[in-house]
>>> print(open('entry-v6.cif').read())   # mmCIF, C-alpha atoms
data_data
loop_
_atom_site.label_atom_id
_atom_site.label_comp_id
_atom_site.auth_asym_id
_atom_site.auth_seq_id
_atom_site.Cartn_x
_atom_site.Cartn_y
_atom_site.Cartn_z
CA PHE A 1 -135.95 -137.50 -154.89
CA ALA A 2 -136.83 -141.04 -155.94
CA SER A 3 -133.16 -141.98 -155.75
CA PHE A 4 -132.86 -140.84 -152.11
CA PRO A 5 -132.68 -143.82 -149.72
CA LEU A 6 -135.07 -143.58 -146.77
CA VAL A 7 -132.35 -144.88 -144.46
CA LEU A 8 -128.62 -144.87 -144.98
CA ASP A 9 -126.08 -146.20 -142.49
CA SER A 10 -123.02 -144.04 -142.04
CA GLY A 11 -120.88 -147.14 -142.58
CA GLY A 12 -117.26 -147.67 -141.67
CA ILE A 13 -115.69 -149.52 -138.78
CA GLY A 14 -116.23 -147.73 -135.49
CA TYR A 15 -119.29 -145.80 -136.65
CA ALA A 16 -122.93 -146.37 -135.87
CA SER A 17 -125.24 -148.29 -138.18
CA LEU A 18 -128.79 -149.57 -137.95
CA ALA A 19 -127.52 -153.07 -137.29
CA ASN A 20 -125.02 -151.94 -134.68
CA PRO A 21 -126.01 -148.53 -133.27
CA THR A 22 -123.52 -148.59 -130.42
CA CYS A 23 -120.55 -149.89 -132.47
CA GLY A 24 -120.15 -152.49 -129.75
CA GLY A 25 -119.24 -149.64 -127.42
CA LEU A 26 -116.38 -148.61 -129.72
CA CYS A 27 -117.82 -145.66 -131.65
CA VAL A 28 -114.95 -143.39 -132.72
CA PRO A 29 -115.14 -140.89 -131.18
CA PRO A 30 -117.78 -141.84 -128.60
CA GLY A 31 -121.17 -140.44 -129.59
CA ALA A 32 -120.05 -139.78 -133.17
CA GLY A 33 -122.26 -142.45 -134.70
CA LEU A 34 -124.42 -141.07 -137.47
CA VAL A 35 -127.42 -142.60 -139.22
CA LEU A 36 -128.93 -140.75 -142.20
CA VAL A 37 -132.64 -140.93 -142.96
CA THR A 38 -134.85 -139.14 -145.46
CA ASP A 39 -138.29 -137.71 -144.86
CA PRO A 40 -140.62 -139.78 -147.08
CA HIS A 41 -142.76 -136.66 -147.58
CA LEU A 42 -140.06 -134.39 -148.96
CA GLY A 43 -141.36 -131.34 -150.76
CA THR A 44 -139.99 -129.93 -154.00
CA PRO A 45 -137.56 -127.04 -153.45
CA TYR A 46 -138.14 -124.03 -155.67
CA MET A 47 -136.79 -120.53 -156.21
CA GLN A 48 -138.53 -117.32 -157.23
CA HIS A 49 -136.61 -114.49 -158.88
CA PHE A 50 -137.79 -110.93 -159.37
CA ASN A 51 -136.17 -107.71 -160.54
CA LEU A 52 -136.91 -104.16 -161.65
CA ASN A 53 -134.38 -102.11 -163.63
CA ALA A 54 -134.15 -98.62 -165.08
CA GLN A 55 -131.50 -97.27 -167.50
CA TYR A 56 -130.48 -93.77 -168.42
CA GLN A 57 -128.19 -92.82 -171.31
CA PHE A 58 -126.17 -89.60 -171.36
CA PHE A 59 -123.27 -88.13 -173.33
CA SER A 60 -124.20 -90.55 -176.16
CA ASP A 61 -121.87 -93.30 -174.91
CA PHE A 62 -122.58 -93.55 -171.16
CA VAL A 63 -125.34 -95.71 -169.65
CA PHE A 64 -126.28 -95.70 -165.96
CA GLU A 65 -128.42 -98.57 -164.64
CA LEU A 66 -130.22 -98.87 -161.31
CA GLY A 67 -132.06 -102.03 -160.32
CA TYR A 68 -133.59 -104.11 -157.57
CA VAL A 69 -132.99 -107.87 -157.58
CA GLY A 70 -134.61 -110.38 -155.23
CA THR A 71 -134.61 -114.15 -154.80
CA SER A 72 -136.77 -116.28 -152.52
CA GLY A 73 -136.10 -119.96 -151.78
CA THR A 74 -138.81 -122.25 -150.42
CA ALA A 75 -138.79 -125.90 -149.23
CA LEU A 76 -134.99 -126.04 -149.28
CA LEU A 77 -133.16 -129.14 -148.10
CA GLN A 78 -131.59 -129.23 -144.66
CA PHE A 79 -130.88 -131.69 -141.85
CA ARG A 80 -132.61 -132.13 -138.50
CA ASP A 81 -131.67 -134.51 -135.68
CA LEU A 82 -134.52 -136.97 -135.07
CA ASN A 83 -132.68 -138.16 -131.98
CA GLN A 84 -132.02 -134.76 -130.44
CA PRO A 85 -131.38 -135.03 -126.69
CA ILE A 86 -134.39 -133.96 -124.62
CA PHE A 87 -133.66 -130.95 -122.44
CA ILE A 88 -134.69 -131.52 -118.83
CA PRO A 89 -134.87 -128.20 -116.97
CA GLY A 90 -133.86 -127.75 -113.35
CA VAL A 91 -131.02 -128.79 -111.07
CA ASP A 92 -130.30 -131.86 -108.97
CA ASN A 93 -130.20 -131.99 -105.16
CA VAL A 94 -126.70 -130.48 -105.07
CA GLY A 95 -127.50 -127.61 -107.44
CA ASN A 96 -125.99 -128.99 -110.66
CA PRO A 97 -127.95 -128.74 -113.96
CA ILE A 98 -129.85 -131.92 -114.78
CA SER A 99 -129.10 -131.59 -118.50
CA THR A 100 -125.38 -131.52 -119.27
CA PRO A 101 -123.20 -132.38 -122.28
CA ALA A 102 -121.92 -135.37 -120.34
CA ASN A 103 -125.35 -137.04 -120.16
CA LYS A 104 -126.77 -136.03 -123.53
CA GLU A 105 -126.60 -139.61 -124.88
CA LEU A 106 -128.82 -140.73 -121.98
CA ARG A 107 -131.40 -138.09 -122.88
CA ARG A 108 -131.94 -139.17 -126.48
CA PRO A 109 -135.44 -140.45 -127.48
CA TYR A 110 -133.96 -143.51 -129.23
CA PRO A 111 -131.48 -145.14 -126.82
CA GLY A 112 -128.46 -146.76 -128.38
CA TYR A 113 -128.33 -144.37 -131.33
CA SER A 114 -126.48 -141.10 -131.51
CA THR A 115 -127.44 -138.51 -134.13
CA ILE A 116 -130.14 -139.56 -136.58
CA ALA A 117 -129.86 -136.94 -139.31
CA GLN A 118 -133.04 -136.60 -141.34
CA SER A 119 -133.18 -134.79 -144.68
CA VAL A 120 -136.18 -132.43 -144.69
CA THR A 121 -137.41 -129.58 -146.86
CA ASN A 122 -138.06 -127.00 -144.17
CA GLY A 123 -135.40 -124.55 -145.30
CA SER A 124 -135.98 -121.11 -146.76
CA SER A 125 -133.93 -118.17 -147.99
CA ILE A 126 -134.39 -114.57 -149.07
CA TYR A 127 -132.04 -112.25 -150.96
CA HIS A 128 -132.46 -108.53 -151.66
CA ALA A 129 -130.04 -106.35 -153.60
CA LEU A 130 -129.72 -102.84 -154.96
CA GLN A 131 -127.54 -103.01 -158.06
CA THR A 132 -126.01 -100.08 -159.92
CA SER A 133 -123.71 -99.95 -162.92
CA LEU A 134 -122.09 -97.39 -165.16
CA THR A 135 -121.14 -98.44 -168.68
CA LYS A 136 -118.94 -96.45 -171.05
CA ARG A 137 -119.41 -97.77 -174.57
CA PHE A 138 -116.29 -98.07 -176.68
CA SER A 139 -115.30 -94.70 -178.12
CA ARG A 140 -112.21 -92.52 -178.13
CA GLY A 141 -110.12 -95.64 -177.56
CA TYR A 142 -111.56 -97.01 -174.32
CA THR A 143 -114.53 -98.67 -172.64
CA PHE A 144 -115.30 -99.63 -169.05
CA LEU A 145 -117.94 -101.13 -166.82
CA ALA A 146 -118.21 -100.23 -163.12
CA GLY A 147 -120.72 -101.87 -160.81
CA TYR A 148 -121.76 -101.64 -157.17
CA THR A 149 -124.12 -103.98 -155.28
CA PHE A 150 -125.61 -103.46 -151.85
CA SER A 151 -127.25 -106.71 -150.76
CA LYS A 152 -128.39 -108.91 -147.91
CA SER A 153 -128.94 -112.67 -147.86
CA ILE A 154 -130.79 -114.49 -145.05
CA ASP A 155 -131.53 -118.21 -144.77
CA LEU A 156 -131.99 -121.15 -142.44
CA ALA A 157 -129.22 -123.28 -143.95
CA SER A 158 -126.68 -121.90 -146.40
CA GLN A 159 -125.67 -125.35 -147.65
CA TYR A 160 -127.33 -128.74 -147.59
CA HIS A 161 -125.04 -131.34 -146.03
CA SER A 162 -122.04 -129.01 -146.08
CA GLY A 163 -120.39 -131.27 -143.55
CA SER A 164 -118.69 -128.27 -142.00
CA GLY A 165 -120.45 -128.49 -138.66
CA ASN A 166 -119.11 -125.08 -137.66
CA PRO A 167 -121.18 -122.35 -135.94
CA ILE A 168 -121.23 -120.22 -139.11
CA ASP A 169 -122.65 -122.95 -141.33
CA PRO A 170 -123.80 -125.92 -139.21
CA ALA A 171 -124.55 -129.21 -140.94
CA ILE A 172 -127.61 -129.92 -138.76
CA ALA A 173 -130.22 -127.53 -137.35
CA GLN A 174 -129.30 -126.57 -133.79
CA ASP A 175 -132.88 -127.22 -132.60
CA ALA A 176 -134.98 -129.84 -134.40
CA ASN A 177 -138.10 -128.30 -132.86
CA ASP A 178 -137.38 -124.72 -133.91
CA PHE A 179 -135.83 -124.30 -137.35
CA ASN A 180 -136.19 -120.53 -137.16
CA ALA A 181 -133.52 -120.51 -134.45
CA ASP A 182 -131.01 -120.92 -137.31
CA ARG A 183 -132.37 -118.00 -139.31
CA GLY A 184 -129.69 -115.41 -139.91
CA LEU A 185 -127.23 -114.00 -142.42
CA SER A 186 -126.12 -116.51 -145.03
CA SER A 187 -122.57 -117.79 -144.72
CA PHE A 188 -121.91 -116.28 -148.18
CA ASP A 189 -123.59 -112.92 -147.42
CA MET A 190 -121.63 -110.00 -148.87
CA ARG A 191 -123.10 -106.62 -148.02
CA HIS A 192 -121.00 -104.49 -150.39
CA ARG A 193 -119.43 -105.45 -153.70
CA PHE A 194 -117.68 -103.22 -156.22
CA THR A 195 -116.42 -104.41 -159.61
CA PHE A 196 -114.60 -102.65 -162.40
CA SER A 197 -113.40 -103.78 -165.81
CA GLY A 198 -112.25 -101.94 -168.88
CA VAL A 199 -110.39 -101.98 -172.17
CA PHE A 200 -107.96 -99.29 -173.30
CA GLU A 201 -106.71 -99.18 -176.88
CA LEU A 202 -103.00 -98.39 -176.96
CA PRO A 203 -102.10 -95.40 -179.17
CA PHE A 204 -99.43 -97.29 -181.12
CA GLY A 205 -99.37 -98.71 -184.65
CA ALA A 206 -100.96 -97.96 -188.01
CA GLY A 207 -103.47 -95.16 -187.84
CA LYS A 208 -102.50 -94.35 -184.23
CA ARG A 209 -100.75 -91.37 -182.73
CA PHE A 210 -97.40 -93.03 -182.09
CA LEU A 211 -95.21 -95.45 -184.09
CA ASN A 212 -97.59 -95.25 -187.04
CA ARG A 213 -94.95 -95.59 -189.75
CA SER A 214 -95.29 -98.66 -191.96
#
>>> encode(input="entry-v6.cif", output="structure tokens")
Amino acid sequence: FASFPLVLDSGGIGYASLANPTCGGLCVPPGAGLVLVTDPHLGTPYMQHFNLNAQYQFFSDFVFELGYVGTSGTALLQFRDLNQPIFIPGVDNVGNPISTPANKELRRPYPGYSTIAQSVTNGSSIYHALQTSLTKRFSRGYTFLAGYTFSKSIDLASQYHSGSGNPIDPAIAQDANDFNADRGLSSFDMRHRFTFSGVFELPFGAGKRFLNRS
């Protein structure tokens, strides 16, 4: 991560920067200013893979395989908002909530800045799968491979800096003080998957049953 800058302005006219965090009052749209920073103590992301498989052959040309496959991700990159608005519980003297979307910019720890997105390595992921396959080796003019996977993938952030910002795959953790609040099914989770492929030799031509005349 030596090439990662510790601070990076979002740049562009009408967007926040370190030199001009309020865009002169002309941020487009208001509150959309973004400053990127990098945790100077980033960890090294790593993955661990593990599997256990068993095969059984029958009828001389059929092979059935059953296996468990798992993957664990640790210290994965994700974003947190260093300038997350502070939630103030309670209501005012007329019964309205003190903390509202309309006053969130006033509740930020660093006045004048909007989101300060920090790259951190607090992410994690886990994947478990039961994989099965049936292989028919080539004989009697055909071969095929059929496979079925039952799996589940859970993580804190499916993509680093996806930029999507949608509820399914947010670009920034929803709570900078509780990363586990984002823990859930991965945006790419696919519980069931079936695949099939095969080759069939046509019975035509020399040495075949039909149209075998030279």
>>> closest_atom_pairs(input="entry-v6.cif", of="segment 108-200 of chain A", to="segment 71-76 of chain A", cutoff="9 Å", atoms="only C-alpha atoms", output="CSV")
residue,atom,partner,partner_atom,distance
A:Val120,CA,A:Leu76,CA,8.0
A:Thr121,CA,A:Ala75,CA,4.6
A:Asn122,CA,A:Ala75,CA,5.2
A:Gly123,CA,A:Leu76,CA,4.3
A:Ser124,CA,A:Thr74,CA,4.8
A:Ser125,CA,A:Gly73,CA,4.7
A:Ile126,CA,A:Ser72,CA,4.5
A:Tyr127,CA,A:Thr71,CA,5.0
A:His128,CA,A:Thr71,CA,6.8
A:Asp155,CA,A:Gly73,CA,8.5
A:Leu156,CA,A:Leu76,CA,8.9
A:Ala157,CA,A:Leu76,CA,8.3
A:Tyr160,CA,A:Leu76,CA,8.3
>>> closest_residue(input="entry-v6.cif", among="A:Phe210, A:Tyr113, A:Tyr68, A:Phe200", to="Asn53 of chain A", atoms="all atoms listed in the file")
A:Tyr68
>>> resolve_selection(input="entry-v6.cif", expression="the PyMOL selection byres ((chain A and resi 172) around 6)", output="ChimeraX atom specification")
/A:79-80,170-171,173
>>> atom_distance(input="entry-v6.cif", atom1="atom CA of Asp175 of chain A", atom2="atom CA of Thr38 of chain A")
17.6 Å
>>> resolve_selection(input="entry-v6.cif", expression="the PyMOL selection byres ((chain A and resi 198) around 8)", output="PDB file with C-alpha atoms, keeping the file's coordinate frame")
ATOM      1  CA  TYR A 142    -111.560 -97.010-174.320  1.00  0.00           C
ATOM      2  CA  THR A 143    -114.530 -98.670-172.640  1.00  0.00           C
ATOM      3  CA  PHE A 144    -115.300 -99.630-169.050  1.00  0.00           C
ATOM      4  CA  LEU A 145    -117.940-101.130-166.820  1.00  0.00           C
ATOM      5  CA  PHE A 196    -114.600-102.650-162.400  1.00  0.00           C
ATOM      6  CA  SER A 197    -113.400-103.780-165.810  1.00  0.00           C
ATOM      7  CA  VAL A 199    -110.390-101.980-172.170  1.00  0.00           C
ATOM      8  CA  PHE A 200    -107.960 -99.290-173.300  1.00  0.00           C
TER       9      PHE A 200
END
>>> residues_near_point(input="entry-v6.cif", point="(-133.6, -114.6, -160.4)", cutoff="10 Å", atoms="all atoms listed in the file", output="PDB file with C-alpha atoms, in the coordinates of the input")
ATOM      1  CA  MET A  47    -136.790-120.530-156.210  1.00  0.00           C
ATOM      2  CA  GLN A  48    -138.530-117.320-157.230  1.00  0.00           C
ATOM      3  CA  HIS A  49    -136.610-114.490-158.880  1.00  0.00           C
ATOM      4  CA  PHE A  50    -137.790-110.930-159.370  1.00  0.00           C
ATOM      5  CA  ASN A  51    -136.170-107.710-160.540  1.00  0.00           C
ATOM      6  CA  VAL A  69    -132.990-107.870-157.580  1.00  0.00           C
ATOM      7  CA  GLY A  70    -134.610-110.380-155.230  1.00  0.00           C
ATOM      8  CA  THR A  71    -134.610-114.150-154.800  1.00  0.00           C
ATOM      9  CA  SER A  72    -136.770-116.280-152.520  1.00  0.00           C
ATOM     10  CA  TYR A 127    -132.040-112.250-150.960  1.00  0.00           C
TER      11      TYR A 127
END
>>> residues_around(input="entry-v6.cif", residues="Val63 of chain A", least_positions_apart="3", cutoff="7 Å", atoms="only C-alpha atoms", output="NGL selection string")
:A and (55-58 or 134-136)
>>> atom_distance(input="entry-v6.cif", atom1="atom CA of Arg191 of chain A", atom2="atom CA of Ser151 of chain A")
5.0 Å
>>> atom_distance(input="entry-v6.cif", atom1="atom CA of His192 of chain A", atom2="atom CA of Glu65 of chain A")
17.1 Å
>>> closest_residue(input="entry-v6.cif", among="A:Leu77, A:Leu82, A:Leu202, A:Ile88", to="Ser114 of chain A", atoms="only C-alpha atoms")
A:Leu82
>>> resolve_selection(input="entry-v6.cif", expression="the PyMOL selection byres ((chain A and resi 99) around 10)", output="PyMOL selection string")
chain A and resi 85-92+96-98+100-104+106-107
>>> closest_residue(input="entry-v6.cif", among="A:Gly43, A:Ser158, A:Gly141, A:Phe150", to="Phe204 of chain A", atoms="all atoms listed in the file")
A:Gly141
>>> closest_residue(input="entry-v6.cif", among="A:Asp178, A:Glu201, A:Asp39, A:Asp189", to="Ile116 of chain A", atoms="only C-alpha atoms")
A:Asp39
>>> closest_residue(input="entry-v6.cif", among="A:Phe194, A:Phe64, A:Phe59, A:Tyr110", to="Gly147 of chain A", atoms="all atoms listed in the file")
A:Phe194
>>> closest_residue(input="entry-v6.cif", among="A:Arg137, A:His41, A:Arg183, A:Arg209", to="Phe62 of chain A", atoms="all atoms listed in the file")
A:Arg137
